[in-house]
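Peer 1: What follows is the file upload-v1.csv, containing CSV, C-alpha atoms:
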chain,number,residue,atom,x,y,z
V,1,MET,CA,0.0,0.0,0.0
V,2,GLU,CA,1.4,3.4,-1.0
V,3,ARG,CA,2.3,5.9,1.8
V,4,THR,CA,0.1,8.9,2.0
V,5,CYS,CA,1.0,12.3,3.6
V,6,GLU,CA,0.0,12.7,7.2
V,7,VAL,CA,-0.8,16.4,6.7
V,8,PRO,CA,-2.9,17.4,3.8
V,9,ILE,CA,-0.8,19.5,1.4
V,10,THR,CA,-2.4,22.9,1.0
V,11,ILE,CA,0.5,25.3,0.8
V,12,ILE,CA,2.0,23.8,-2.3
V,13,LYS,CA,-0.7,24.6,-4.9
V,14,ASN,CA,0.5,22.5,-7.8
V,15,THR,CA,0.8,19.2,-5.8
V,16,LYS,CA,-1.4,17.3,-8.1
V,17,GLU,CA,0.7,18.2,-11.1
V,18,LEU,CA,3.9,17.4,-9.3
V,19,LEU,CA,2.6,13.9,-8.4
V,20,SER,CA,1.3,13.2,-11.9
V,21,HIS,CA,4.6,11.8,-13.2
V,22,GLY,CA,8.0,10.5,-12.3
V,23,ASN,CA,8.7,8.7,-8.9
V,24,LYS,CA,5.4,9.4,-7.3
V,25,LYS,CA,6.3,7.9,-3.9
V,26,GLY,CA,9.6,9.8,-3.7
V,27,ARG,CA,7.9,13.0,-4.8
V,28,GLU,CA,5.2,12.6,-2.2
V,29,VAL,CA,7.7,12.2,0.6
V,30,ALA,CA,9.7,15.2,-0.6
V,31,LEU,CA,6.5,17.4,-0.8
V,32,ASP,CA,5.5,16.2,2.7
V,33,VAL,CA,8.9,17.3,4.0
V,34,ILE,CA,8.6,20.7,2.3
V,35,GLU,CA,5.1,21.2,3.6
V,36,HIS,CA,6.1,20.5,7.1
V,37,ALA,CA,9.2,22.8,6.8
V,38,ILE,CA,7.0,25.7,5.5
V,39,ARG,CA,4.5,25.2,8.3
V,40,SER,CA,7.2,25.2,10.9
V,41,VAL,CA,8.2,28.7,10.0
V,42,ASP,CA,4.7,30.1,9.6
V,43,SER,CA,4.8,33.3,11.6
V,44,TYR,CA,1.0,33.5,12.0
V,45,GLU,CA,0.9,30.1,13.6
V,46,ALA,CA,4.0,30.9,15.7
V,47,VAL,CA,2.2,34.0,17.1
V,48,LYS,CA,-0.9,32.1,17.8
V,49,LYS,CA,1.1,29.5,19.8
V,50,LEU,CA,3.2,32.2,21.6
V,51,VAL,CA,0.7,34.8,22.6
V,52,ARG,CA,-2.4,34.2,24.6
V,53,ILE,CA,-4.7,35.8,27.2
V,54,GLU,CA,-5.7,33.9,30.3
V,55,ASN,CA,-8.8,34.6,32.3
V,56,ASP,CA,-9.0,38.0,30.7
V,57,ARG,CA,-6.4,39.2,33.2
V,58,LYS,CA,-3.0,37.9,32.1
V,59,LEU,CA,-1.1,38.3,28.9
V,60,ILE,CA,1.4,35.6,28.2
V,61,VAL,CA,4.0,36.0,25.5
V,62,GLY,CA,6.2,32.9,25.5
V,63,ASN,CA,7.9,32.9,28.9
V,64,LEU,CA,6.8,36.5,29.6
V,65,ASN,CA,3.8,37.3,31.8
V,66,TYR,CA,2.0,40.6,32.1
V,67,ASP,CA,-0.8,41.6,34.4
V,68,LEU,CA,-3.2,43.4,32.0
V,69,SER,CA,-4.5,45.5,34.9
V,70,LYS,CA,-1.1,47.1,35.0
V,71,VAL,CA,-0.6,47.6,31.3
V,72,GLU,CA,-1.8,51.0,30.2
V,73,ASN,CA,-1.7,50.7,26.4
V,74,ILE,CA,-0.7,48.1,23.9
V,75,TYR,CA,0.7,49.2,20.5
V,76,VAL,CA,1.8,47.2,17.4
V,77,VAL,CA,4.3,48.5,14.9
V,78,GLY,CA,6.5,46.8,12.3
V,79,ALA,CA,7.6,46.3,8.8
V,80,GLY,CA,8.7,43.6,6.4
V,81,LYS,CA,7.5,41.4,3.6
V,82,ALA,CA,6.3,38.7,6.1
V,83,THR,CA,5.1,41.1,8.8
V,84,PHE,CA,1.4,40.9,8.0
V,85,PRO,CA,0.9,37.3,9.4
V,86,ILE,CA,2.5,38.4,12.7
V,87,ALA,CA,0.2,41.5,12.9
V,88,GLN,CA,-2.8,39.3,11.9
V,89,GLY,CA,-2.1,37.0,14.8
V,90,LEU,CA,-1.8,39.9,17.3
V,91,ASP,CA,-4.9,41.5,15.9
V,92,GLU,CA,-6.9,38.4,16.5
V,93,ILE,CA,-5.6,37.7,19.9
V,94,LEU,CA,-5.4,41.2,21.4
V,95,GLY,CA,-8.4,42.7,19.5
V,96,GLU,CA,-9.6,46.0,21.0
V,97,ARG,CA,-6.8,45.9,23.6
V,98,ILE,CA,-4.6,47.3,20.9
V,99,LYS,CA,-4.7,51.1,21.3
V,100,ARG,CA,-3.1,51.8,18.0
V,101,GLY,CA,-1.0,50.0,15.4
V,102,THR,CA,0.7,50.5,12.0
V,103,ILE,CA,2.8,48.1,9.9
V,104,ASN,CA,4.5,48.7,6.5
V,105,VAL,CA,4.2,45.8,4.1
V,106,LYS,CA,5.2,45.2,0.5
V,107,MET,CA,3.0,46.7,-2.3
V,108,GLY,CA,0.3,44.2,-3.3
V,109,GLU,CA,-0.8,43.1,0.2
V,110,LYS,CA,-4.5,43.8,0.0
V,111,ARG,CA,-5.6,42.2,3.3
V,112,ARG,CA,-6.5,44.5,6.1
V,113,LEU,CA,-6.8,44.2,9.9
V,114,LYS,CA,-9.3,45.5,12.4
V,115,GLN,CA,-7.0,47.2,14.9
V,116,ILE,CA,-3.8,47.6,13.0
V,117,ARG,CA,-3.3,49.9,10.0
V,118,VAL,CA,-1.7,48.1,7.1
V,119,ARG,CA,0.3,50.4,4.8
V,120,GLU,CA,1.7,49.2,1.5
V,121,ALA,CA,5.0,50.5,0.3
V,122,ASP,CA,7.7,49.8,-2.3
V,123,HIS,CA,10.6,47.3,-2.0
V,124,PRO,CA,13.6,47.2,-2.4
V,125,ILE,CA,13.8,50.9,-3.3
V,126,PRO,CA,11.9,52.9,-0.6
V,127,ASP,CA,9.1,55.2,-1.6
V,128,GLU,CA,6.9,58.0,-0.2
V,129,LYS,CA,4.3,55.6,1.1
V,130,GLY,CA,7.0,53.8,3.2
V,131,LEU,CA,8.2,57.2,4.5
V,132,GLU,CA,4.7,58.2,5.6
V,133,GLY,CA,4.2,54.8,7.3
V,134,ALA,CA,7.6,55.2,9.1
V,135,LYS,CA,6.6,58.6,10.3
V,136,GLU,CA,3.3,57.1,11.7
V,137,ILE,CA,5.3,54.4,13.4
V,138,MET,CA,7.6,56.9,15.0
V,139,ASP,CA,4.5,58.9,16.2
V,140,ILE,CA,3.3,55.8,17.9
V,141,ALA,CA,6.7,55.2,19.5
V,142,LYS,CA,6.8,58.8,20.8
V,143,LYS,CA,3.3,58.4,22.4
V,144,ALA,CA,4.3,55.2,24.2
V,145,LYS,CA,5.0,55.7,27.9
V,146,GLU,CA,5.9,53.9,31.1
V,147,GLY,CA,3.4,51.0,31.6
V,148,ASP,CA,2.8,50.5,27.9
V,149,LEU,CA,3.7,47.5,25.8
V,150,VAL,CA,4.9,47.9,22.2
V,151,PHE,CA,4.9,44.8,20.0
V,152,CYS,CA,7.4,45.3,17.1
V,153,ALA,CA,7.1,42.9,14.2
V,154,ILE,CA,10.2,42.8,12.0
V,155,THR,CA,10.8,40.5,9.0
V,156,GLY,CA,12.9,40.6,5.9
V,157,GLY,CA,12.6,43.8,3.8
V,158,ALA,CA,11.9,46.0,6.9
V,159,SER,CA,14.9,48.3,6.1
V,160,ALA,CA,13.5,49.3,2.7
V,161,LEU,CA,9.8,49.3,3.7
V,162,MET,CA,10.4,51.6,6.7
V,163,PRO,CA,12.5,54.5,5.4
V,164,LEU,CA,13.0,57.6,7.6
V,165,PRO,CA,16.2,59.4,6.5
V,166,ALA,CA,18.3,61.2,9.1
V,167,GLU,CA,18.0,65.0,9.3
V,168,GLY,CA,19.4,66.7,6.2
V,169,ILE,CA,18.8,63.7,4.0
V,170,ASN,CA,15.7,63.6,1.8
V,171,LEU,CA,13.9,60.5,0.4
V,172,GLU,CA,15.4,61.0,-3.1
V,173,ASP,CA,18.9,60.8,-1.8
V,174,LYS,CA,17.9,57.8,0.2
V,175,LYS,CA,16.6,56.1,-3.0
V,176,LYS,CA,19.9,57.0,-4.8
V,177,ILE,CA,22.2,55.5,-2.2
V,178,THR,CA,19.9,52.4,-1.8
V,179,ASN,CA,20.1,51.8,-5.6
V,180,LEU,CA,23.9,52.2,-5.5
V,181,LEU,CA,24.3,49.8,-2.6
V,182,LEU,CA,22.1,47.1,-4.2
V,183,LYS,CA,24.0,47.2,-7.4
V,184,CYS,CA,27.6,47.3,-6.1
V,185,GLY,CA,27.8,43.8,-4.8
V,186,ALA,CA,28.0,44.7,-1.1
V,187,THR,CA,27.0,42.2,1.6
V,188,ILE,CA,23.8,42.7,3.5
V,189,ASP,CA,25.8,43.5,6.6
V,190,GLU,CA,27.7,46.2,4.7
V,191,ILE,CA,24.4,47.6,3.3
V,192,ASN,CA,22.8,47.7,6.7
V,193,ALA,CA,25.8,49.4,8.2
V,194,VAL,CA,25.2,52.3,5.8
V,195,ARG,CA,21.4,52.3,6.1
V,196,ASN,CA,21.6,52.3,9.9
V,197,HIS,CA,23.8,55.4,9.9
V,198,ILE,CA,21.7,57.5,7.5
V,199,SER,CA,18.4,56.7,9.2
V,200,ALA,CA,16.4,58.3,12.0
V,201,ILE,CA,14.6,55.0,12.8
V,202,LYS,CA,17.0,52.1,12.1
V,203,GLY,CA,20.0,50.8,14.1
V,204,GLY,CA,18.1,50.7,17.4
V,205,LYS,CA,16.8,54.3,17.2
V,206,LEU,CA,13.1,53.2,17.3
V,207,ALA,CA,13.7,51.4,20.7
V,208,ILE,CA,15.3,54.6,22.1
V,209,CYS,CA,12.2,56.5,21.0
V,210,ILE,CA,9.8,53.9,22.5
V,211,HIS,CA,11.5,54.0,25.9
V,212,PRO,CA,10.3,54.0,28.7
V,213,ALA,CA,7.6,51.7,27.4
V,214,GLU,CA,8.5,48.0,27.0
V,215,VAL,CA,9.3,46.5,23.6
V,216,ILE,CA,8.4,43.0,22.6
V,217,ASN,CA,10.2,42.2,19.4
V,218,LEU,CA,8.7,39.4,17.3
V,219,ILE,CA,11.4,38.8,14.7
V,220,VAL,CA,11.7,36.5,11.7
V,221,ILE,CA,15.3,35.9,10.7
V,222,ASP,CA,15.8,35.1,7.0
V,223,GLU,CA,19.4,33.9,7.1
V,224,VAL,CA,21.1,30.9,8.7
V,225,ALA,CA,22.6,31.6,12.1
V,226,GLY,CA,21.2,35.1,12.0
V,227,LEU,CA,21.0,37.4,15.0
V,228,PRO,CA,18.2,39.6,16.3
V,229,TRP,CA,18.0,42.6,14.0
V,230,GLY,CA,15.9,45.7,13.2
V,231,PRO,CA,15.1,49.2,14.5
V,232,THR,CA,14.6,48.0,18.1
V,233,VAL,CA,17.8,46.1,18.6
V,234,PRO,CA,21.3,47.5,19.3
V,235,ASP,CA,23.5,48.3,16.3
V,236,THR,CA,27.0,46.7,16.4
V,237,THR,CA,28.2,48.7,13.4
V,238,THR,CA,29.7,52.2,13.3
V,239,PHE,CA,30.0,55.3,11.1
V,240,GLU,CA,33.5,54.0,10.3
V,241,ASP,CA,32.0,50.7,9.1
V,242,ALA,CA,29.5,52.6,6.9
V,243,VAL,CA,32.2,54.8,5.3
V,244,ARG,CA,34.6,51.9,4.9
V,245,ALA,CA,31.9,49.9,3.0
V,246,LEU,CA,31.2,52.9,0.7
V,247,LYS,CA,34.8,53.4,-0.1
V,248,LYS,CA,35.4,49.7,-0.6
V,249,TYR,CA,32.9,49.6,-3.5
V,250,ASP,CA,34.1,53.0,-4.9
V,251,LEU,CA,30.8,54.7,-3.9
V,252,TRP,CA,32.1,57.5,-1.6
V,253,GLU,CA,32.3,60.0,-4.4
V,254,LYS,CA,29.1,58.8,-6.1
V,255,ILE,CA,26.7,59.1,-3.1
V,256,PRO,CA,24.6,62.2,-2.6
V,257,VAL,CA,26.4,65.1,-0.9
V,258,SER,CA,23.8,65.2,1.9
V,259,VAL,CA,24.7,61.6,2.8
V,260,ARG,CA,28.4,62.1,2.6
V,261,LYS,CA,28.1,65.2,4.9
V,262,HIS,CA,26.0,63.3,7.4
V,263,LEU,CA,28.5,60.5,7.6
V,264,GLU,CA,31.4,62.9,8.0
V,265,ARG,CA,29.5,64.6,10.9
V,266,GLY,CA,29.0,61.1,12.4
V,267,LEU,CA,32.8,60.4,12.2
V,268,ALA,CA,33.5,63.6,14.0
V,269,ASP,CA,30.8,63.5,16.6
V,270,PRO,CA,30.4,60.3,18.7
V,271,SER,CA,27.0,61.5,20.0
V,272,LEU,CA,25.5,60.8,16.6
V,273,GLU,CA,26.5,57.1,16.8
V,274,THR,CA,23.7,54.5,16.7
V,275,PRO,CA,22.8,53.0,20.1
V,276,LYS,CA,25.0,50.1,21.2
V,277,PRO,CA,24.4,47.0,23.4
V,278,LYS,CA,25.6,48.9,26.5
V,279,GLU,CA,22.9,51.6,26.0
V,280,PHE,CA,20.2,49.0,25.6
V,281,LYS,CA,20.9,47.7,29.1
V,282,ALA,CA,18.8,50.6,30.4
V,283,LEU,CA,15.9,49.8,28.0
V,284,LYS,CA,13.1,47.2,28.4
V,285,VAL,CA,13.5,45.2,25.2
V,286,GLN,CA,12.4,41.6,24.8
V,287,ASN,CA,13.6,39.7,21.7
V,288,ILE,CA,11.7,36.7,20.5
V,289,MET,CA,12.7,34.7,17.4
V,290,LEU,CA,9.5,33.5,15.8
V,291,ALA,CA,11.3,31.6,13.0
Let's see the structure in the file written out as structure tokens.

Peer 2:
Amino acid sequence: MERTCEVPITIIKNTKELLSHGNKKGREVALDVIEHAIRSVDSYEAVKKLVRIENDRKLIVGNLNYDLSKVENIYVVGAGKATFPIAQGLDEILGERIKRGTINVKMGEKRRLKQIRVREADHPIPDEKGLEGAKEIMDIAKKAKEGDLVFCAITGGASALMPLPAEGINLEDKKKITNLLLKCGATIDEINAVRNHISAIKGGKLAICIHPAEVINLIVIDEVAGLPWGPTVPDTTTFEDAVRALKKYDLWEKIPVSVRKHLERGLADPSLETPKPKEFKALKVQNIMLA
């Protein structure tokens, strides 16, 4: 008797076609493995397992426990190509307990949520819609206060989808340098070193803005052995790293003047550096890897 899959295959849409020829049994096993693998990193399901409310009084997030009577407000912010499922899970679980929320997602996501605003933006080159969403996210961050909880959902693509250039740099200049970086062959770490240092929201700056409220990061890492990342985790790179990367790929003279001047100011003024792990010790930030 031929083996059948234990879990109905619904994610892989062309299963019937794939099983119509060749080694059917081998293909069935392979598809079963793929199906289980995809399900294991489903961020919506991960949130539903991780977050729950008990007796209408206690909020449980993994190993974290919160007395809802002592939580003033709950906010949800975030960005990324796979951020919608995380926000969807939170929207369903927390419902009207969410005071306000905004997420930036990739253009084409037409689903909407009850309590969290879904804003479509361009990727990988940032656009005006992403900028407006980032401003809204920062507005929420600034309103958060002691006793509040801020869920931050970050997935791949967040850097491009949540653009908020540093003072003196406009969106067009941000677009130009992003385009140069994507075409030069730089690694993602080198690109992020630059992006973090020309941004008003990245490189941990969002967490600084949210303080003294508590941040609960729900993060999806899209690289093997990756570390927590995003606008609410400390930045381990420096202005020197950013400048070094640009010079390495012969971009220093090609980048917009506003960007070059900002980076030069950063080299000269340590106070402009992105927040580091030492500074985060004073903040209330919880990192949870969803997948």

Peer 1: Which residue gives the smallest distance to Ile140 of chain V among V:Leu113, V:Ile221, V:Cys152, V:Ala160, with all atoms listed in the file counted?

Peer 2: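 Checking each of V:Leu113, V:Ile221, V:Cys152, V:Ala160 against Ile140 of chain V, counting all atoms listed in the file, the winner is V:Cys152.
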
Peer 1: Pick out the residues sitting within 12 Å of Val41 of chain V, and hand them over as a ChimeraX atom specification; count only C-alpha atoms, and ignore anything fewer than 5 positions along from it in its own chain.

Peer 2: /V:34-36,46-47,82,85-86,219-222,289-291

Peer 1: Compare V:Lys176, V:Lys16, V:Lys276, V:Arg52 by their minimum atom-to-atom distance to Val257 of chain V, counting only C-alpha atoms, and give me the closest one.

Peer 2: V:Lys176

Peer 1: What does the structure give for the distance between atom CA of Ile201 of chain V and atom CA of Gly230 of chain V, in Å to one decimal?

Peer 2: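 About the pair atom CA of Ile201 of chain V and atom CA of Gly230 of chain V: they are 9.4 Å apart.
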
Peer 1: Let me make sure I understand: among V:His123, V:Lys114, V:Lys278, V:Lys205, which one has the smallest atom-to-atom distance to Asn179 of chain V if we use all atoms listed in the file?

Peer 2: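 For Asn179 of chain V, the nearest of the candidates is V:His123.
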
Peer 1: Quick one: residues within 12 Å of Phe239 of chain V, only C-alpha atoms counted, chain neighbours fewer than 3 positions away excluded, as number ranges by chain?

Peer 2: V: 190, 192-199, 203, 235-236, 242-246, 259-275

Peer 1: Given only C-alpha atoms as the basis, pick out the residue of V:Gly185, V:Pro277, V:Gly204, V:Gly80 nearest to Leu161 of chain V.

Peer 2: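 Of the candidates, the smallest distance to Leu161 of chain V is held by V:Gly80.
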
Peer 1: Quick one: residues within 12 Å of Gly62 of chain V, only C-alpha atoms counted, chain neighbours fewer than 4 positions away excluded, as an MDAnalysis selection string?

Peer 2: chainID V and resid 46:53 66 216:218 286:290

Peer 1: Could you write out the selected residues, including C-alpha atoms, as an mmCIF file, in the coordinates of the input?

Peer 2:
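Below you can see again-v2.cif, which holds the result:
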data_model
loop_
_atom_site.group_PDB
_atom_site.id
_atom_site.type_symbol
_atom_site.label_atom_id
_atom_site.label_comp_id
_atom_site.auth_asym_id
_atom_site.auth_seq_id
_atom_site.Cartn_x
_atom_site.Cartn_y
_atom_site.Cartn_z
ATOM 1 C CA ALA V 46 4.000 30.900 15.700
ATOM 2 C CA VAL V 47 2.200 34.000 17.100
ATOM 3 C CA LYS V 48 -0.900 32.100 17.800
ATOM 4 C CA LYS V 49 1.100 29.500 19.800
ATOM 5 C CA LEU V 50 3.200 32.200 21.600
ATOM 6 C CA VAL V 51 0.700 34.800 22.600
ATOM 7 C CA ARG V 52 -2.400 34.200 24.600
ATOM 8 C CA ILE V 53 -4.700 35.800 27.200
ATOM 9 C CA TYR V 66 2.000 40.600 32.100
ATOM 10 C CA ILE V 216 8.400 43.000 22.600
ATOM 11 C CA ASN V 217 10.200 42.200 19.400
ATOM 12 C CA LEU V 218 8.700 39.400 17.300
ATOM 13 C CA GLN V 286 12.400 41.600 24.800
ATOM 14 C CA ASN V 287 13.600 39.700 21.700
ATOM 15 C CA ILE V 288 11.700 36.700 20.500
ATOM 16 C CA MET V 289 12.700 34.700 17.400
ATOM 17 C CA LEU V 290 9.500 33.500 15.800
#

Peer 1: With distances taken over all atoms listed in the file, which of V:Met162, V:Ile12, V:Leu149, V:Cys209 is nearest to Lys129 of chain V?

Peer 2: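 Under the stated criterion, the closest residue is V:Met162.
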
Peer 1: For atom CA of Val71 of chain V and atom CA of Arg100 of chain V, quote the distance in Å rounded to one decimal.

Peer 2: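 The value is 14.2 Å.
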
Peer 1: Atom CA of Ser69 of chain V and atom CA of Leu90 of chain V are how many Å apart?

Peer 2: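 Atom CA of Leu90 of chain V lies 18.7 Å from atom CA of Ser69 of chain V.
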
Peer 1: What lies within 8 Å of Glu214 of chain V using only C-alpha atoms, ignoring chain neighbours under 6 positions off, as a ChimeraX atom specification?

Peer 2: /V:146-150,283-286

Peer 1: Point out the residue among V:Lys254, V:Lys281, V:His21, V:Lys145 with the least atom-to-atom distance to Ile210 of chain V, counting only C-alpha atoms.

Peer 2: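 When distances to Ile210 of chain V are compared using only C-alpha atoms, the smallest one comes from V:Lys145.
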